[in-house]
Structures are given as structure tokens and as C-alpha cells.
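For reference, my_file_39.cif (mmCIF, C-alpha atoms (C1' of nucleotides)):
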data_structure
#
loop_
_atom_site.label_atom_id
_atom_site.label_comp_id
_atom_site.auth_asym_id
_atom_site.auth_seq_id
_atom_site.Cartn_x
_atom_site.Cartn_y
_atom_site.Cartn_z
CA MET A 1 18.60 -0.76 -5.93
CA ASP A 2 18.05 -3.56 -3.49
CA GLU A 3 17.31 -6.58 -5.61
CA LEU A 4 17.29 -8.62 -2.42
CA LEU A 5 14.53 -6.52 -0.93
CA HIS A 6 12.59 -6.73 -4.17
CA GLU A 7 12.86 -10.50 -4.09
CA MET A 8 11.60 -10.62 -0.52
CA ILE A 9 8.63 -8.46 -1.37
CA ARG A 10 7.80 -10.54 -4.42
CA ASP A 11 8.20 -13.73 -2.44
CA THR A 12 5.83 -12.45 0.21
CA ILE A 13 3.23 -11.55 -2.39
CA ARG A 14 3.59 -15.01 -3.89
CA LYS A 15 2.72 -16.48 -0.47
CA ILE A 16 -0.74 -14.96 -0.47
CA PRO A 17 -3.11 -17.92 -0.83
CA ALA A 18 -5.87 -17.85 -3.42
CA GLY A 19 -9.15 -16.58 -2.09
CA ARG A 20 -7.43 -14.23 0.33
CA VAL A 21 -6.12 -10.68 0.03
CA ALA A 22 -3.51 -8.52 1.72
CA THR A 23 -2.88 -4.80 1.89
CA TYR A 24 0.23 -2.98 0.71
CA GLY A 25 1.02 -2.25 4.32
CA ASP A 26 0.78 -5.93 5.23
CA ILE A 27 3.17 -6.89 2.46
CA ALA A 28 5.55 -4.16 3.51
CA ASP A 29 5.50 -5.40 7.07
CA LEU A 30 5.86 -9.11 6.28
CA SER A 31 8.51 -8.56 3.62
CA HIS A 32 10.55 -6.33 5.89
CA ALA A 33 10.03 -3.45 3.47
CA PRO A 34 10.35 0.07 4.85
CA THR A 35 7.00 1.36 3.66
CA ALA A 36 3.91 0.33 1.74
CA LYS A 37 4.80 2.73 -1.00
CA LEU A 38 7.76 0.65 -2.01
CA VAL A 39 5.47 -2.33 -2.50
CA GLY A 40 3.28 -0.32 -4.83
CA HIS A 41 6.29 0.94 -6.69
CA LEU A 42 7.61 -2.56 -7.13
CA LEU A 43 4.32 -3.80 -8.53
CA ASN A 44 4.19 -0.81 -10.81
CA THR A 45 7.60 -1.58 -12.26
CA ASP A 46 7.58 -5.36 -12.19
CA HIS A 47 4.39 -7.31 -11.57
CA THR A 48 5.30 -10.36 -13.63
CA SER A 49 4.52 -13.77 -12.20
CA LEU A 50 2.89 -12.17 -9.19
CA PRO A 51 -0.68 -12.41 -7.86
CA TRP A 52 -0.85 -8.64 -7.84
CA HIS A 53 -4.64 -8.80 -7.79
CA ARG A 54 -4.48 -10.07 -4.19
CA VAL A 55 -2.92 -6.82 -3.01
CA LEU A 56 -5.35 -4.11 -1.96
CA ARG A 57 -5.19 -0.75 -0.29
CA ALA A 58 -5.64 -0.41 3.46
CA ASN A 59 -9.32 0.49 3.17
CA GLY A 60 -10.18 -2.57 1.08
CA THR A 61 -10.30 -0.81 -2.28
CA CYS A 62 -7.96 -1.30 -5.21
CA ALA A 63 -5.93 1.12 -7.27
CA PRO A 64 -8.13 3.00 -9.77
CA HIS A 65 -6.55 2.04 -13.09
CA ILE A 66 -6.48 -1.67 -12.35
CA ALA A 67 -9.68 -1.86 -10.34
CA GLU A 68 -11.74 -3.46 -13.07
CA GLU A 69 -9.24 -6.21 -13.82
CA GLN A 70 -8.48 -6.76 -10.16
CA LEU A 71 -12.08 -7.09 -9.07
CA ARG A 72 -12.73 -9.54 -11.87
CA LEU A 73 -9.77 -11.74 -10.99
CA LEU A 74 -10.64 -11.69 -7.30
CA GLU A 75 -14.21 -12.62 -7.95
CA GLU A 76 -13.01 -15.61 -9.96
CA GLU A 77 -11.06 -16.69 -6.88
CA GLY A 78 -14.09 -16.40 -4.69
CA VAL A 79 -13.53 -12.92 -3.29
CA PRO A 80 -16.65 -10.87 -3.94
CA SER A 81 -16.66 -7.10 -3.88
CA THR A 82 -19.38 -4.63 -3.12
CA ASN A 83 -19.25 -1.31 -4.88
CA GLY A 84 -15.56 -1.83 -5.63
CA LYS A 85 -14.66 -2.65 -2.04
CA ILE A 86 -13.48 -5.92 -0.52
CA ASN A 87 -14.48 -6.95 2.99
CA LEU A 88 -11.04 -7.18 4.60
CA HIS A 89 -12.57 -8.36 7.83
CA THR A 90 -13.55 -11.54 6.02
CA TYR A 91 -10.99 -12.06 3.25
CA ARG A 92 -7.81 -10.55 4.67
CA TRP A 93 -4.83 -12.93 4.62
CA GLU A 94 -4.57 -14.30 8.14
CA GLU A 95 -0.79 -14.37 8.11
CA ALA A 96 -0.79 -10.67 7.47
CA VAL A 97 -2.64 -9.96 10.69
CA LYS A 98 -0.72 -12.41 12.83
CA PRO A 99 2.18 -10.14 13.91
CA GLN A 100 2.62 -10.30 17.63
CA GLU A 101 0.85 -7.37 19.19
CA GLU A 102 2.66 -7.11 22.51
CA ASP A 103 0.50 -8.74 25.13
CA ASN A 104 -1.42 -6.63 27.59
CA THR A 105 1.04 -4.61 29.58
CA PRO A 106 1.84 -6.45 32.82
CA THR A 107 2.77 -3.12 34.33
CA LEU A 108 -0.89 -2.28 34.35
CA PHE A 109 -1.14 0.20 37.19
"C1'" DA B 110 20.81 18.84 -4.55
"C1'" DT B 111 15.74 20.14 -4.80
"C1'" DA B 112 11.05 19.09 -6.65
"C1'" DA B 113 7.59 16.23 -8.36
"C1'" DT B 114 5.26 11.79 -8.87
"C1'" DG B 115 3.41 7.23 -7.48
"C1'" DA B 116 -0.76 0.37 -7.76
"C1'" DC B 117 0.29 4.05 0.03
"C1'" DC B 118 -1.43 5.31 5.06
"C1'" DA B 119 -3.44 7.82 8.89
"C1'" DG B 120 -5.49 11.80 10.74
"C1'" DG B 121 -8.38 15.99 10.56
"C1'" DC B 122 -12.22 18.68 8.88
"C1'" DA C 123 -19.66 10.19 3.20
"C1'" DG C 124 -15.87 13.05 0.77
"C1'" DC C 125 -11.62 16.09 0.50
"C1'" DC C 126 -7.06 17.90 2.20
"C1'" DT C 127 -2.49 17.53 4.57
"C1'" DG C 128 1.64 15.50 6.09
"C1'" DG C 129 4.62 11.52 6.29
"C1'" DC C 130 6.69 7.75 4.06
"C1'" DC C 131 10.42 5.65 0.49
"C1'" DA C 132 12.28 5.10 -4.34
"C1'" DT C 133 12.69 6.88 -8.92
"C1'" DT C 134 13.11 10.47 -12.27
"C1'" DA C 135 13.79 15.11 -14.27
#

Encoded form using C-alpha cells:
Amino acid sequence: MDELLHEMIRDTIRKIPAGRVATYGDIADLSHAPTAKLVGHLLNTDHTSLPWHRVLRANGTCAPHIAEEQLRLLEEEGVPSTNGKINLHTYRWEEAVKPQEEDNTPTLF
DNA sequence: ATAATGACCAGGC
DNA sequence: AGCCTGGCCATTA
């Protein structure tokens, strides 16, 4: 397996600041990973020394089996949740959203 | 090699 | 709002 890729993913997750969250897709994109699923798989196999609780699903919810623990840890960091959902619009890691969306097309009609 | 599963995502109904 | 389907990649049987 690609240990290098694993390291990049883990490094990206480590960069998530406290009080913020990121989605699996964001991590996949920032860490140059092919898909979000690989990120989840990595966390499933090896989540040691990682702020795994700052990684959420795209809709702002967390994985079912860890939800309780995750919500508790996030709340301790200052990230409240309503009905098991986090407000990504407010707490999403800024760096994860930054990617350059190509400017408005100059070839506009 | 195929099939199934998983801490996923987006679209359709 | 919920539920289903297909796509995605890696691992396992």
C-alpha cells in the first residue's frame, strides 16, 4: 500500500485546527487522495495520534458508531451540534474550502 | 479474478 | 424529511 499517501492524509488531518472541522472529501482533496473513501478507510485502520473527531461527513453528520464520542469531543473544543449535526457553514475548516474555483469564465458570451 | 464491505458522496424519487 | 442507486477506491474472502 502507499505509505506515502497515508502519511499525507494523516498529515492533512493533523493540520485541522481545534474548533474547526473538515469533511472526508475535503481531506481527500487537500491530501491528494483519490477519494473520500480512502480517508475513511485510513481512519478505520489507523486513527492513532489523529484528531479524527474533526473529520465529518459531507452533510455535517458523523459516522454512526463514533457519533457519541465525536460529538462530545467536538463540543469540548467549542463546536456545538444540533441533533447530531454540525453547522459546516460556520465551523468548516477554511483551508478546506479555499481551493481555487476557476474564476468566472472570461469567455462569457 | 469476481464479490462484498466500509468512519464516503451526489443525485433521484 | 427519508430511502435507494450508482460511482468511487482499498482491503479481504

Exercise. Report as a PyMOL selection string the residues that result from applying the PyMOL selection byres ((chain C and resi 125-133) around 10) to the structure here.
Key: (chain A and resi 1+33-39+41-42) or (chain B and resi 114-115+117-122) or (chain C and resi 124+134-135)

Prev. selection, C-alpha atoms (C1' of nucleotides), output as an mmCIF file, keeping the file's coordinate frame:
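Full text of selection-v6.cif as output:
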data_model
loop_
_atom_site.group_PDB
_atom_site.id
_atom_site.type_symbol
_atom_site.label_atom_id
_atom_site.label_comp_id
_atom_site.auth_asym_id
_atom_site.auth_seq_id
_atom_site.Cartn_x
_atom_site.Cartn_y
_atom_site.Cartn_z
ATOM 1 C CA MET A 1 18.600 -0.760 -5.930
ATOM 2 C CA ALA A 33 10.030 -3.450 3.470
ATOM 3 C CA PRO A 34 10.350 0.070 4.850
ATOM 4 C CA THR A 35 7.000 1.360 3.660
ATOM 5 C CA ALA A 36 3.910 0.330 1.740
ATOM 6 C CA LYS A 37 4.800 2.730 -1.000
ATOM 7 C CA LEU A 38 7.760 0.650 -2.010
ATOM 8 C CA VAL A 39 5.470 -2.330 -2.500
ATOM 9 C CA HIS A 41 6.290 0.940 -6.690
ATOM 10 C CA LEU A 42 7.610 -2.560 -7.130
ATOM 11 C "C1'" DT B 114 5.260 11.790 -8.870
ATOM 12 C "C1'" DG B 115 3.410 7.230 -7.480
ATOM 13 C "C1'" DC B 117 0.290 4.050 0.030
ATOM 14 C "C1'" DC B 118 -1.430 5.310 5.060
ATOM 15 C "C1'" DA B 119 -3.440 7.820 8.890
ATOM 16 C "C1'" DG B 120 -5.490 11.800 10.740
ATOM 17 C "C1'" DG B 121 -8.380 15.990 10.560
ATOM 18 C "C1'" DC B 122 -12.220 18.680 8.880
ATOM 19 C "C1'" DG C 124 -15.870 13.050 0.770
ATOM 20 C "C1'" DT C 134 13.110 10.470 -12.270
ATOM 21 C "C1'" DA C 135 13.790 15.110 -14.270
#

Quiz item: What are the residues of chain A that have an atom within 8 Å of an atom of chain B, counting only C-alpha atoms (C1' of nucleotides), as number ranges by chain?
Solution: A: 24-25, 36-37, 40-41, 43-44, 57-58, 62-63, 66

Practice problem: Would you kindly return, as a list in words, each protein, DNA or RNA residue with an atom no farther than 12 Å from any atom of Asn83 of chain A, considering only C-alpha atoms (C1' of nucleotides) and excluding same-chain residues fewer than 2 positions away? | Solution: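 Answer for this query is Gly60, Thr61, Cys62, Ala67, Glu68, Leu71, Pro80, Ser81, Lys85, Ile86 and Asn87 of chain A.
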
Exercise. Up to 10 Å from (4.5, -15.3, -11.3) in the file's coordinates: name the residues, counting all atoms listed in the file, as a ChimeraX atom specification.
Key: /A:10-11,13-14,47-52

Quiz item: Restricting the calculation to only C-alpha atoms, which member of A:His65, A:Arg54, A:His89, A:Arg72 is positioned closest to Ile27 of chain A?
Solution: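 Using only C-alpha atoms, the shortest distance to Ile27 of chain A belongs to A:Arg54.
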
Quiz prompt | Residue nearest chain C - candidates A:Thr23, A:Thr12, A:Ala28, A:Glu7, atoms counted: only C-alpha atoms (C1' of nucleotides) | solution =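 Counting only C-alpha atoms (C1' of nucleotides), the residue closest to chain C is A:Ala28.
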
Self-check item: Atom pair atom CA of His53 of chain A / atom CA of Leu73 of chain A: separation (Å)
Solution: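 According to the coordinates, atom CA of His53 of chain A and atom CA of Leu73 of chain A are separated by 6.7 Å.
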
Practice problem: Have a look at atom CA of Gly84 of chain A and atom CA of Asp26 of chain A and let me know their distance in Å, one decimal. | Solution: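 A separation of 20.0 Å between them.
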
Quiz prompt | For atom CA of Gly78 of chain A and atom CA of Ala18 of chain A, the interatomic separation in Å (one decimal) | solution =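 Separation of atom CA of Gly78 of chain A and atom CA of Ala18 of chain A: 8.4 Å.
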
Edge lengths and centre in Å to one decimal, as lines of an AutoDock Vina configuration file, is what I'm after for the box along x, y and z that holds all listed atoms of segment 110-121 of chain B once 4 Å is added on each side.
center_x = 6.2
center_y = 10.3
center_z = 0.9
size_x = 37.2
size_y = 27.8
size_z = 27.6
